[in-house]
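Student: Contents are compact mmCIF, C-alpha atoms; file name input_5.txt:
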```
# COMPACT_ATOMS: atom_id res chain seq x y z
CA MET A 374 6.76 7.59 36.84
CA ASP A 375 8.27 4.11 36.77
CA ILE A 376 5.99 1.10 36.43
CA ASN A 377 8.04 -1.81 37.75
CA ILE A 378 6.56 -5.13 36.70
CA LEU A 379 7.79 -8.11 38.69
CA LEU A 380 8.54 -11.19 36.60
CA PHE A 381 9.10 -14.76 37.75
CA ASN A 382 9.08 -18.06 35.86
CA ASP A 383 5.55 -19.21 34.98
CA PHE A 384 3.95 -15.80 35.27
CA GLU A 385 0.61 -15.45 33.43
CA PRO A 386 1.38 -13.57 30.19
CA LEU A 387 -1.67 -11.29 29.94
CA ASP A 388 -1.33 -10.36 33.64
CA VAL A 389 1.90 -8.65 32.56
CA PHE A 390 1.31 -7.66 28.95
CA GLY A 391 -2.21 -6.26 29.42
CA PRO A 392 -1.16 -3.59 31.96
CA MET A 393 2.15 -3.17 30.10
CA GLU A 394 0.31 -2.27 26.88
CA VAL A 395 -1.62 0.39 28.79
CA PHE A 396 1.45 1.93 30.45
CA LEU A 397 3.53 1.82 27.24
CA HIS A 398 0.94 4.19 25.77
CA ALA A 399 0.98 6.49 28.82
CA ASP A 400 3.15 9.58 28.32
CA GLY A 401 5.28 10.18 31.41
CA PHE A 402 5.28 6.54 32.50
CA ARG A 403 8.18 4.14 31.95
CA VAL A 404 7.78 0.37 32.08
CA ASN A 405 10.48 -1.84 33.60
CA LEU A 406 10.34 -5.63 33.61
CA PHE A 407 12.44 -6.91 36.50
CA THR A 408 13.11 -9.89 38.73
CA LEU A 409 13.82 -9.95 42.45
CA ASP A 410 17.28 -11.35 41.79
CA LYS A 411 19.93 -10.45 39.23
CA ALA A 412 18.94 -9.84 35.60
CA SER A 413 17.88 -13.07 33.92
CA SER A 414 15.77 -14.77 31.31
CA ILE A 415 12.25 -15.49 32.54
CA LYS A 416 10.09 -18.20 30.99
CA SER A 417 6.38 -18.88 30.78
CA TYR A 418 4.39 -21.66 29.05
CA ASP A 419 7.60 -22.87 27.32
CA GLN A 420 6.86 -20.34 24.56
CA ILE A 421 7.84 -17.06 26.16
CA SER A 422 11.42 -16.36 27.10
CA LEU A 423 11.88 -12.78 28.18
CA ASP A 424 14.79 -10.68 29.45
CA ALA A 425 14.20 -9.02 32.81
CA LYS A 426 16.30 -6.40 34.60
CA SER A 427 17.81 -6.90 38.00
CA VAL A 428 15.91 -5.48 40.96
CA SER A 429 18.98 -3.36 41.66
CA ASP A 430 18.43 -1.53 38.35
CA ILE A 431 14.95 -0.18 39.06
CA ASN A 432 13.70 2.90 40.89
CA LYS A 433 12.08 1.31 43.94
CA GLU A 434 9.92 4.36 44.57
CA GLY A 435 7.98 3.70 41.38
CA VAL A 436 4.78 1.70 41.03
CA LEU A 437 5.16 -2.00 41.81
CA LEU A 438 2.98 -4.31 39.69
CA ILE A 439 2.71 -7.97 40.70
CA PRO A 440 1.21 -10.42 38.18
CA GLY A 441 -0.22 -13.83 38.95
CA GLY A 442 0.23 -17.22 37.41
CA ALA A 443 0.88 -20.85 38.22
CA ALA A 444 4.13 -19.94 39.99
CA THR A 445 2.32 -18.14 42.79
CA ARG A 446 1.35 -21.54 44.26
CA THR A 447 4.98 -22.21 45.15
CA LEU A 448 6.29 -18.65 45.56
CA ILE A 449 3.80 -18.11 48.39
CA SER A 450 5.97 -20.43 50.51
CA ASP A 451 9.31 -18.93 49.44
CA THR A 452 10.32 -16.86 52.46
CA ALA A 453 13.39 -15.31 50.78
CA PHE A 454 11.22 -14.16 47.85
CA LEU A 455 8.54 -12.78 50.16
CA LYS A 456 11.06 -10.90 52.29
CA LYS A 457 12.40 -9.10 49.21
CA LEU A 458 8.86 -8.43 47.99
CA ALA A 459 7.85 -6.97 51.37
CA LEU A 460 10.78 -4.53 51.25
CA LEU A 461 9.92 -3.44 47.72
CA ALA A 462 6.23 -2.99 48.54
CA SER A 463 7.11 -0.80 51.52
CA LYS A 464 9.14 1.52 49.25
CA ALA A 465 6.72 1.64 46.28
CA THR A 466 4.48 4.67 45.69
CA TYR A 467 1.65 2.31 44.76
CA CYS A 468 1.28 -1.47 44.68
CA LEU A 469 -0.83 -3.02 41.91
CA THR A 470 -1.72 -6.71 41.90
CA VAL A 471 -3.24 -8.68 39.03
CA CYS A 472 -4.96 -12.04 39.46
CA THR A 473 -3.17 -14.34 41.95
CA GLY A 474 -0.37 -11.79 42.32
CA SER A 475 -2.53 -10.65 45.24
CA ALA A 476 -1.72 -13.86 47.10
CA LEU A 477 1.99 -13.03 46.99
CA LEU A 478 1.57 -9.49 48.24
CA ALA A 479 -0.91 -10.68 50.88
CA ALA A 480 1.70 -13.17 52.10
CA THR A 481 4.02 -10.24 52.93
CA HIS A 482 1.27 -8.85 55.20
CA PHE A 483 1.33 -5.56 53.26
CA MET A 484 -2.39 -6.05 52.61
CA ASP A 485 -3.48 -6.88 56.16
CA GLY A 486 -6.53 -4.80 57.06
CA LYS A 487 -6.90 -3.53 53.49
CA ARG A 488 -9.74 -4.20 51.02
CA ALA A 489 -8.70 -6.22 47.96
CA THR A 490 -9.87 -8.63 45.29
CA SER A 491 -8.29 -11.40 43.20
CA ASN A 492 -8.87 -14.01 40.49
CA LYS A 493 -12.30 -15.62 40.83
CA LEU A 494 -11.32 -19.19 39.83
CA ALA A 495 -8.62 -19.15 42.51
CA PHE A 496 -10.52 -17.00 44.99
CA ASP A 497 -10.83 -19.58 47.76
CA TRP A 498 -7.12 -20.38 47.63
CA VAL A 499 -6.08 -16.72 47.64
CA THR A 500 -8.42 -15.60 50.39
CA GLY A 501 -7.63 -18.65 52.50
CA SER A 502 -3.94 -17.84 52.34
CA ASN A 503 -4.38 -14.70 54.43
CA THR A 504 -7.63 -14.00 56.23
CA GLN A 505 -6.34 -10.68 57.62
CA VAL A 506 -7.12 -9.06 54.25
CA ASN A 507 -10.66 -7.74 53.71
CA TRP A 508 -11.29 -9.72 50.51
CA VAL A 509 -14.07 -8.51 48.21
CA LYS A 510 -15.43 -11.14 45.85
CA GLU A 511 -17.63 -9.11 43.51
CA ALA A 512 -15.30 -6.51 42.01
CA ARG A 513 -13.40 -6.03 38.75
CA TRP A 514 -10.80 -4.21 40.84
CA ILE A 515 -10.51 -2.62 44.30
CA VAL A 516 -8.65 0.49 45.45
CA ASP A 517 -7.55 0.92 49.06
CA ASP A 518 -5.16 3.81 49.57
CA ARG A 519 -1.88 2.90 47.80
CA LEU A 520 -3.11 -0.59 46.89
CA TYR A 521 -4.89 -1.50 43.64
CA SER A 522 -5.89 -5.15 43.22
CA SER A 523 -7.65 -6.65 40.21
CA SER A 524 -9.56 -9.80 39.42
CA GLY A 525 -8.17 -12.38 37.02
CA VAL A 526 -5.95 -11.79 34.00
CA SER A 527 -7.86 -9.37 31.71
CA ALA A 528 -9.14 -7.35 34.66
CA GLY A 529 -5.60 -6.02 35.05
CA ILE A 530 -6.17 -3.90 31.92
CA ASP A 531 -9.23 -2.23 33.44
CA MET A 532 -7.42 -1.71 36.74
CA SER A 533 -4.44 -0.11 35.00
CA LEU A 534 -6.71 2.28 33.10
CA ALA A 535 -8.56 3.08 36.34
CA PHE A 536 -5.21 3.75 38.03
CA LEU A 537 -4.34 6.27 35.29
CA ALA A 538 -7.82 7.82 35.50
CA ASP A 539 -7.27 8.28 39.26
CA THR A 540 -3.66 9.48 39.19
CA VAL A 541 -3.76 11.53 35.96
CA ASN A 542 -7.34 11.99 34.75
CA GLU A 543 -10.22 10.20 33.08
CA GLU A 544 -9.54 11.63 29.62
CA PHE A 545 -5.92 10.41 29.77
CA ALA A 546 -7.16 6.86 30.45
CA ASP A 547 -9.89 7.09 27.81
CA ASN A 548 -7.40 8.20 25.18
CA ILE A 549 -5.18 5.19 25.84
CA ALA A 550 -8.17 2.83 25.69
CA HIS A 551 -9.03 4.44 22.35
CA ASP A 552 -5.47 4.01 21.06
CA ILE A 553 -5.50 0.30 21.83
CA GLU A 554 -9.19 -0.13 20.87
CA TYR A 555 -10.01 -1.50 24.30
CA ILE A 556 -13.61 -1.36 25.52
CA ARG A 557 -13.08 -0.27 29.14
CA VAL A 558 -14.99 -1.50 32.15
CA LYS A 559 -15.27 1.76 34.10
CA ASP A 560 -17.46 0.46 36.92
CA ASN A 561 -15.42 -1.71 39.26
CA ASN A 562 -18.64 -3.35 40.48
CA ASN A 563 -19.13 -4.80 36.99
CA ASP A 564 -17.78 -8.29 37.64
CA PRO A 565 -19.52 -11.00 35.59
CA PHE A 566 -17.08 -13.65 36.85
CA SER A 567 -17.72 -13.47 40.60
CA MET B 1191 -3.44 -27.23 15.72
CA ASP B 1192 -0.42 -24.94 15.55
CA ILE B 1193 -0.89 -21.20 16.04
CA ASN B 1194 2.18 -19.64 14.47
CA ILE B 1195 2.61 -16.04 15.57
CA LEU B 1196 4.95 -14.01 13.39
CA LEU B 1197 7.31 -11.74 15.33
CA PHE B 1198 9.41 -8.85 14.04
CA ASN B 1199 11.19 -6.01 15.84
CA ASP B 1200 8.78 -3.30 17.03
CA PHE B 1201 5.70 -5.50 16.99
CA GLU B 1202 2.82 -4.22 19.14
CA PRO B 1203 2.87 -6.31 22.34
CA LEU B 1204 -0.87 -6.83 22.92
CA ASP B 1205 -1.38 -7.72 19.23
CA VAL B 1206 0.70 -10.80 20.04
CA PHE B 1207 0.04 -11.47 23.71
CA GLY B 1208 -3.73 -10.97 23.62
CA PRO B 1209 -4.38 -13.73 21.06
CA MET B 1210 -1.54 -15.76 22.60
CA GLU B 1211 -3.25 -15.75 26.01
CA VAL B 1212 -6.42 -17.07 24.36
CA PHE B 1213 -4.66 -19.87 22.46
CA LEU B 1214 -2.49 -20.87 25.45
CA HIS B 1215 -5.75 -21.72 27.22
CA ALA B 1216 -7.14 -23.66 24.23
CA ASP B 1217 -6.72 -27.43 24.58
CA GLY B 1218 -5.46 -28.92 21.34
CA PHE B 1219 -3.79 -25.70 20.17
CA ARG B 1220 -0.05 -25.04 20.37
CA VAL B 1221 1.43 -21.55 20.19
CA ASN B 1222 4.72 -20.91 18.37
CA LEU B 1223 6.43 -17.54 18.26
CA PHE B 1224 8.60 -17.37 15.15
CA THR B 1225 10.43 -15.04 12.81
CA LEU B 1226 10.71 -15.26 9.03
CA ASP B 1227 14.46 -15.74 9.32
CA LYS B 1228 16.54 -17.87 11.64
CA ALA B 1229 15.76 -18.01 15.36
CA SER B 1230 16.58 -14.74 17.04
CA SER B 1231 15.83 -12.28 19.79
CA ILE B 1232 13.00 -9.90 18.89
CA LYS B 1233 12.61 -6.52 20.59
CA SER B 1234 9.75 -4.10 21.13
CA TYR B 1235 9.54 -0.77 22.97
CA ASP B 1236 13.07 -1.31 24.37
CA GLN B 1237 11.46 -3.24 27.24
CA ILE B 1238 10.56 -6.53 25.63
CA SER B 1239 13.24 -8.87 24.38
CA LEU B 1240 11.78 -12.18 23.34
CA ASP B 1241 13.14 -15.40 21.85
CA ALA B 1242 11.51 -16.50 18.60
CA LYS B 1243 11.88 -19.77 16.69
CA SER B 1244 13.11 -19.98 13.14
CA VAL B 1245 10.47 -20.19 10.41
CA SER B 1246 12.04 -23.54 9.47
CA ASP B 1247 10.99 -24.95 12.86
CA ILE B 1248 7.24 -24.41 12.52
CA ASN B 1249 4.47 -26.43 10.89
CA LYS B 1250 3.54 -24.17 7.99
CA GLU B 1251 0.13 -25.78 7.64
CA GLY B 1252 -0.92 -24.32 10.97
CA VAL B 1253 -2.69 -21.03 11.60
CA LEU B 1254 -0.62 -17.96 10.69
CA LEU B 1255 -1.18 -14.94 12.95
CA ILE B 1256 0.29 -11.58 11.89
CA PRO B 1257 0.43 -8.79 14.48
CA GLY B 1258 0.77 -5.09 13.77
CA GLY B 1259 2.97 -2.39 15.19
CA ALA B 1260 5.21 0.48 14.21
CA ALA B 1261 7.43 -1.86 12.16
CA THR B 1262 4.70 -2.45 9.60
CA ARG B 1263 5.39 1.02 8.15
CA THR B 1264 8.78 -0.15 6.91
CA LEU B 1265 8.13 -3.90 6.45
CA ILE B 1266 5.44 -3.07 3.90
CA SER B 1267 8.24 -2.05 1.51
CA ASP B 1268 10.52 -5.01 2.30
CA THR B 1269 10.10 -7.24 -0.76
CA ALA B 1270 12.16 -10.13 0.65
CA PHE B 1271 10.00 -10.15 3.80
CA LEU B 1272 6.77 -9.99 1.80
CA LYS B 1273 7.83 -12.81 -0.52
CA LYS B 1274 8.42 -15.11 2.46
CA LEU B 1275 5.13 -14.01 4.03
CA ALA B 1276 3.22 -14.69 0.80
CA LEU B 1277 4.58 -18.24 0.70
CA LEU B 1278 3.64 -18.87 4.33
CA ALA B 1279 0.14 -17.44 3.87
CA SER B 1280 -0.46 -19.71 0.88
CA LYS B 1281 0.39 -22.77 3.00
CA ALA B 1282 -1.49 -21.79 6.19
CA THR B 1283 -4.84 -23.35 7.06
CA TYR B 1284 -6.05 -19.93 8.21
CA CYS B 1285 -4.53 -16.45 8.23
CA LEU B 1286 -5.33 -14.14 11.13
CA THR B 1287 -4.29 -10.48 11.16
CA VAL B 1288 -4.38 -8.11 14.11
CA CYS B 1289 -4.27 -4.34 13.76
CA THR B 1290 -1.85 -3.13 11.06
CA GLY B 1291 -0.69 -6.70 10.48
CA SER B 1292 -3.41 -6.58 7.81
CA ALA B 1293 -1.29 -4.10 5.80
CA LEU B 1294 1.52 -6.65 5.57
CA LEU B 1295 -0.70 -9.51 4.46
CA ALA B 1296 -2.52 -7.18 2.05
CA ALA B 1297 0.83 -6.25 0.51
CA THR B 1298 1.35 -9.91 -0.44
CA HIS B 1299 -1.95 -9.74 -2.42
CA PHE B 1300 -3.30 -12.68 -0.41
CA MET B 1301 -6.22 -10.46 0.58
CA ASP B 1302 -7.13 -9.09 -2.87
CA GLY B 1303 -10.86 -9.42 -3.41
CA LYS B 1304 -11.47 -10.44 0.19
CA ARG B 1305 -13.37 -8.52 2.91
CA ALA B 1306 -11.18 -7.35 5.81
CA THR B 1307 -10.76 -4.75 8.53
CA SER B 1308 -7.84 -3.16 10.39
CA ASN B 1309 -6.80 -0.67 13.06
CA LYS B 1310 -9.02 2.42 13.03
CA LEU B 1311 -6.34 5.02 13.84
CA ALA B 1312 -4.26 3.74 10.91
CA PHE B 1313 -7.21 2.86 8.69
CA ASP B 1314 -6.48 5.33 5.89
CA TRP B 1315 -2.85 4.22 5.64
CA VAL B 1316 -3.73 0.51 5.63
CA THR B 1317 -6.58 0.75 3.15
CA GLY B 1318 -4.60 3.09 0.89
CA SER B 1319 -1.77 0.58 0.74
CA ASN B 1320 -3.90 -1.89 -1.24
CA THR B 1321 -7.26 -0.87 -2.70
CA GLN B 1322 -7.87 -4.36 -4.13
CA VAL B 1323 -9.01 -5.49 -0.67
CA ASN B 1324 -12.68 -4.92 0.26
CA TRP B 1325 -11.94 -2.98 3.43
CA VAL B 1326 -14.74 -2.74 6.02
CA LYS B 1327 -14.40 0.16 8.44
CA GLU B 1328 -17.09 -0.60 11.03
CA ALA B 1329 -16.18 -4.04 12.35
CA ARG B 1330 -14.47 -5.47 15.44
CA TRP B 1331 -13.29 -8.27 13.13
CA ILE B 1332 -14.14 -9.70 9.71
CA VAL B 1333 -14.16 -13.30 8.48
CA ASP B 1334 -13.77 -14.13 4.79
CA ASP B 1335 -13.17 -17.80 4.11
CA ARG B 1336 -9.69 -18.66 5.54
CA LEU B 1337 -8.98 -15.02 6.47
CA TYR B 1338 -9.76 -13.45 9.85
CA SER B 1339 -8.80 -9.78 10.29
CA SER B 1340 -9.31 -7.70 13.41
CA SER B 1341 -9.36 -4.03 14.30
CA GLY B 1342 -6.65 -2.53 16.49
CA VAL B 1343 -4.72 -4.20 19.29
CA SER B 1344 -7.34 -5.44 21.81
CA ALA B 1345 -9.72 -6.51 19.05
CA GLY B 1346 -7.35 -9.38 18.35
CA ILE B 1347 -8.57 -11.03 21.57
CA ASP B 1348 -12.19 -10.95 20.41
CA MET B 1349 -11.19 -12.21 16.96
CA SER B 1350 -9.21 -15.10 18.45
CA LEU B 1351 -12.16 -16.12 20.61
CA ALA B 1352 -14.48 -15.84 17.58
CA PHE B 1353 -12.05 -18.02 15.61
CA LEU B 1354 -12.27 -20.69 18.30
CA ALA B 1355 -16.06 -20.36 18.47
CA ASP B 1356 -16.19 -20.95 14.69
CA THR B 1357 -13.62 -23.73 14.44
CA VAL B 1358 -14.40 -25.56 17.71
CA ASN B 1359 -17.61 -24.26 19.27
CA GLU B 1360 -19.07 -21.33 21.17
CA GLU B 1361 -18.85 -23.01 24.58
CA PHE B 1362 -15.13 -23.68 24.07
CA ALA B 1363 -14.53 -19.98 23.41
CA ASP B 1364 -16.78 -18.92 26.30
CA ASN B 1365 -14.90 -21.17 28.71
CA ILE B 1366 -11.57 -19.59 27.76
CA ALA B 1367 -12.99 -16.08 28.14
CA HIS B 1368 -14.21 -17.15 31.59
CA ASP B 1369 -10.79 -18.54 32.52
CA ILE B 1370 -9.06 -15.28 31.67
CA GLU B 1371 -11.97 -13.12 32.97
CA TYR B 1372 -12.33 -11.44 29.60
CA ILE B 1373 -15.64 -9.78 28.73
CA ARG B 1374 -16.05 -10.89 25.11
CA VAL B 1375 -17.41 -8.82 22.27
CA LYS B 1376 -19.42 -11.47 20.43
CA ASP B 1377 -20.98 -9.21 17.80
CA ASN B 1378 -18.36 -8.25 15.22
CA ASN B 1379 -20.49 -5.22 14.29
CA ASN B 1380 -19.85 -3.80 17.78
CA ASP B 1381 -17.04 -1.40 16.91
CA PRO B 1382 -17.05 1.76 19.04
CA PHE B 1383 -13.75 2.93 17.50
CA SER B 1384 -14.77 3.17 13.82
```
Can you give me the file's structure in the form of structure tokens?
Tutor:
Amino acid sequence: MDINILLFNDFEPLDVFGPMEVFLHADGFRVNLFTLDKASSIKSYDQISLDAKSVSDINKEGVLLIPGGAATRTLISDTAFLKKLALLASKATYCLTVCTGSALLAATHFMDGKRATSNKLAFDWVTGSNTQVNWVKEARWIVDDRLYSSSGVSAGIDMSLAFLADTVNEEFADNIAHDIEYIRVKDNNNDPFS
Amino acid sequence: MDINILLFNDFEPLDVFGPMEVFLHADGFRVNLFTLDKASSIKSYDQISLDAKSVSDINKEGVLLIPGGAATRTLISDTAFLKKLALLASKATYCLTVCTGSALLAATHFMDGKRATSNKLAFDWVTGSNTQVNWVKEARWIVDDRLYSSSGVSAGIDMSLAFLADTVNEEFADNIAHDIEYIRVKDNNNDPFS
């Protein structure tokens, strides 16, 4: 299965690299870093400069993962970006959001009527951006049908492991957590930051 | 303070990006990704292609952070690489190792006589590579004077936060953990993977 991670300038690094570390250790899953435009170099924090594939080079029926970051504050008003994102989300087997990535997917109306969570420091901004979503404040992550949404940054690691536990099995997820010496949060109600 | 993160091909992503996320949120700290040679593009897992500075462009009196990864199995026999690393380690204010990065620093003899830990899945290989180090198996991380060493992959995040708690203060580290919604391991004896 393809895990297609959307990159844009000023993404939050661990929103991408936390889930990526999990999926790189998952046999049968292939990670693709891509942008919504043509292949290009994507930057974050002036320290990271990363090559990303073109959207035309990915299997759109894979899993779409949307990170957060400072850029979401402007991308949420970029109608061309949101139109492309809406199309991708409609084709994806699952949509996974990390942190304020939820605000972008919510802006496409893909999440209307669904339960979801987001970053807790930015929670008022995210939830105010689309009140048609059933936002849940106290949650490490939330699952609603084909949508997985996580709280801020590090929570994306727990959500990714939970996704693998759900779609493969619990032992598969536990083995990856063991490989990367990650102490999993297995209870999505365990949210000390809400 | 400069946090100089050493990159090489086939580094383990979260060994780098976990600590990096912590230090990017630390006021007064500046992250630099560098290689021991001239500036170049560094690759990992065929998905990550990252720009790194030249070693000549960093402040060598900063903090040196050495990640692990598959490449350590060959770099440990690369005498030119180890000679450069030994020189850097001698100049650094602190040396931090994540995962099998400890094997590389140990091979420079910087760690001889010091207490240290490493990745638990690769523990026998790492500890067998230099028996002059006082290896500690059950530890999330170990501090010995200017040397911080962590267990595998994710443990680098806890070690980085502990480093900030020690060198700045506990509240500073707690605030960063809160910002990135990371549930800290504060007790370095808490090692479920040993």
Student: Using all atoms listed in the file and a cutoff of 7 Å, can you tell me which residues are near (3.7, -6.3, 4.2) in the file's coordinates, and write them out as a list in words?
Tutor: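 Those residues lying close to the given coordinates are Thr1262, Leu1265, Ile1266, Ser1267, Leu1272, Ala1293, Leu1294, Leu1295, Ala1296, Ala1297 and Thr1298 of chain B.
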Student: Give me the residues near region 1238-1242 of chain B as an MDAnalysis selection string, where near means some atom within 12 Å (using only C-alpha atoms) and where sequence neighbours in that chain fewer than 6 positions away do not count.
Tutor: (chainID A and resid 378 389:390 393:394 397 404:407 413:417 419:426) or (chainID B and resid 1194:1204 1206:1207 1221:1232 1248)
Student: Could you please take those selected residues and save C-alpha atoms as a tab-separated table (two decimals), in the frame of the given file?
Tutor:
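Everything below was put into result_1.tsv:
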```tsv
chain	number	residue	atom	x	y	z
A	378	ILE	CA	6.56	-5.13	36.70
A	389	VAL	CA	1.90	-8.65	32.56
A	390	PHE	CA	1.31	-7.66	28.95
A	393	MET	CA	2.15	-3.17	30.10
A	394	GLU	CA	0.31	-2.27	26.88
A	397	LEU	CA	3.53	1.82	27.24
A	404	VAL	CA	7.78	0.37	32.08
A	405	ASN	CA	10.48	-1.84	33.60
A	406	LEU	CA	10.34	-5.63	33.61
A	407	PHE	CA	12.44	-6.91	36.50
A	413	SER	CA	17.88	-13.07	33.92
A	414	SER	CA	15.77	-14.77	31.31
A	415	ILE	CA	12.25	-15.49	32.54
A	416	LYS	CA	10.09	-18.20	30.99
A	417	SER	CA	6.38	-18.88	30.78
A	419	ASP	CA	7.60	-22.87	27.32
A	420	GLN	CA	6.86	-20.34	24.56
A	421	ILE	CA	7.84	-17.06	26.16
A	422	SER	CA	11.42	-16.36	27.10
A	423	LEU	CA	11.88	-12.78	28.18
A	424	ASP	CA	14.79	-10.68	29.45
A	425	ALA	CA	14.20	-9.02	32.81
A	426	LYS	CA	16.30	-6.40	34.60
B	1194	ASN	CA	2.18	-19.64	14.47
B	1195	ILE	CA	2.61	-16.04	15.57
B	1196	LEU	CA	4.95	-14.01	13.39
B	1197	LEU	CA	7.31	-11.74	15.33
B	1198	PHE	CA	9.41	-8.85	14.04
B	1199	ASN	CA	11.19	-6.01	15.84
B	1200	ASP	CA	8.78	-3.30	17.03
B	1201	PHE	CA	5.70	-5.50	16.99
B	1202	GLU	CA	2.82	-4.22	19.14
B	1203	PRO	CA	2.87	-6.31	22.34
B	1204	LEU	CA	-0.87	-6.83	22.92
B	1206	VAL	CA	0.70	-10.80	20.04
B	1207	PHE	CA	0.04	-11.47	23.71
B	1221	VAL	CA	1.43	-21.55	20.19
B	1222	ASN	CA	4.72	-20.91	18.37
B	1223	LEU	CA	6.43	-17.54	18.26
B	1224	PHE	CA	8.60	-17.37	15.15
B	1225	THR	CA	10.43	-15.04	12.81
B	1226	LEU	CA	10.71	-15.26	9.03
B	1227	ASP	CA	14.46	-15.74	9.32
B	1228	LYS	CA	16.54	-17.87	11.64
B	1229	ALA	CA	15.76	-18.01	15.36
B	1230	SER	CA	16.58	-14.74	17.04
B	1231	SER	CA	15.83	-12.28	19.79
B	1232	ILE	CA	13.00	-9.90	18.89
B	1248	ILE	CA	7.24	-24.41	12.52
```
Student: Do you have the CA of Asp375 (chain A)-CA of Asn432 (chain A) distance handy?
Tutor: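 Atom-to-atom, CA of Asp375 (chain A) to CA of Asn432 (chain A), that is 6.9 Å.
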Student: Nearest residue to chain A out of B:Phe1362, B:Tyr1235, B:Phe1271, B:Phe1219, using all atoms listed in the file?
Tutor: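 The answer is B:Tyr1235, which sits nearest to chain A.
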Student: In terms of the shortest atom-to-atom distance over only C-alpha atoms, which of B:Ser1350, B:Ser1308, B:Ser1292, B:Thr1287 is closest to Ser1384 (chain B)?
Tutor: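 The answer is B:Ser1308, which sits nearest to Ser1384 (chain B).
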Student: Output region 1239-1251 of chain B with N, CA, C and O atoms present, as a PDB file, in the coordinates of the input.
Tutor:
```pdb
ATOM      1  N   SER B1239      12.248  -8.164  25.182  1.00  0.00           N
ATOM      2  CA  SER B1239      13.240  -8.870  24.380  1.00  0.00           C
ATOM      3  C   SER B1239      12.873 -10.343  24.482  1.00  0.00           C
ATOM      4  O   SER B1239      12.920 -10.941  25.553  1.00  0.00           O
ATOM      5  N   LEU B1240      12.487 -10.905  23.341  1.00  0.00           N
ATOM      6  CA  LEU B1240      11.780 -12.180  23.340  1.00  0.00           C
ATOM      7  C   LEU B1240      12.452 -13.140  22.359  1.00  0.00           C
ATOM      8  O   LEU B1240      12.839 -12.747  21.269  1.00  0.00           O
ATOM      9  N   ASP B1241      12.593 -14.405  22.765  1.00  0.00           N
ATOM     10  CA  ASP B1241      13.140 -15.400  21.850  1.00  0.00           C
ATOM     11  C   ASP B1241      12.080 -15.872  20.865  1.00  0.00           C
ATOM     12  O   ASP B1241      10.948 -16.163  21.273  1.00  0.00           O
ATOM     13  N   ALA B1242      12.447 -15.968  19.603  1.00  0.00           N
ATOM     14  CA  ALA B1242      11.510 -16.500  18.600  1.00  0.00           C
ATOM     15  C   ALA B1242      12.178 -17.622  17.830  1.00  0.00           C
ATOM     16  O   ALA B1242      13.375 -17.586  17.554  1.00  0.00           O
ATOM     17  N   LYS B1243      11.370 -18.635  17.471  1.00  0.00           N
ATOM     18  CA  LYS B1243      11.880 -19.770  16.690  1.00  0.00           C
ATOM     19  C   LYS B1243      12.168 -19.332  15.250  1.00  0.00           C
ATOM     20  O   LYS B1243      11.666 -18.311  14.781  1.00  0.00           O
ATOM     21  N   SER B1244      12.903 -20.166  14.569  1.00  0.00           N
ATOM     22  CA  SER B1244      13.110 -19.980  13.140  1.00  0.00           C
ATOM     23  C   SER B1244      11.865 -20.430  12.382  1.00  0.00           C
ATOM     24  O   SER B1244      11.166 -21.367  12.792  1.00  0.00           O
ATOM     25  N   VAL B1245      11.611 -19.790  11.250  1.00  0.00           N
ATOM     26  CA  VAL B1245      10.470 -20.190  10.410  1.00  0.00           C
ATOM     27  C   VAL B1245      10.616 -21.653   9.974  1.00  0.00           C
ATOM     28  O   VAL B1245       9.608 -22.342   9.744  1.00  0.00           O
ATOM     29  N   SER B1246      11.839 -22.147   9.909  1.00  0.00           N
ATOM     30  CA  SER B1246      12.040 -23.540   9.470  1.00  0.00           C
ATOM     31  C   SER B1246      11.598 -24.546  10.541  1.00  0.00           C
ATOM     32  O   SER B1246      11.469 -25.735  10.264  1.00  0.00           O
ATOM     33  N   ASP B1247      11.365 -24.051  11.755  1.00  0.00           N
ATOM     34  CA  ASP B1247      10.990 -24.950  12.860  1.00  0.00           C
ATOM     35  C   ASP B1247       9.485 -24.996  13.127  1.00  0.00           C
ATOM     36  O   ASP B1247       9.047 -25.566  14.135  1.00  0.00           O
ATOM     37  N   ILE B1248       8.683 -24.382  12.279  1.00  0.00           N
ATOM     38  CA  ILE B1248       7.240 -24.410  12.520  1.00  0.00           C
ATOM     39  C   ILE B1248       6.521 -25.245  11.451  1.00  0.00           C
ATOM     40  O   ILE B1248       7.028 -25.434  10.343  1.00  0.00           O
ATOM     41  N   ASN B1249       5.347 -25.719  11.818  1.00  0.00           N
ATOM     42  CA  ASN B1249       4.470 -26.430  10.890  1.00  0.00           C
ATOM     43  C   ASN B1249       3.714 -25.384  10.068  1.00  0.00           C
ATOM     44  O   ASN B1249       2.816 -24.715  10.573  1.00  0.00           O
ATOM     45  N   LYS B1250       4.088 -25.258   8.818  1.00  0.00           N
ATOM     46  CA  LYS B1250       3.540 -24.170   7.990  1.00  0.00           C
ATOM     47  C   LYS B1250       2.077 -24.369   7.616  1.00  0.00           C
ATOM     48  O   LYS B1250       1.432 -23.472   7.082  1.00  0.00           O
ATOM     49  N   GLU B1251       1.556 -25.541   7.908  1.00  0.00           N
ATOM     50  CA  GLU B1251       0.130 -25.780   7.640  1.00  0.00           C
ATOM     51  C   GLU B1251      -0.746 -25.419   8.837  1.00  0.00           C
ATOM     52  O   GLU B1251      -1.934 -25.710   8.856  1.00  0.00           O
TER      53      GLU B1251
END
```
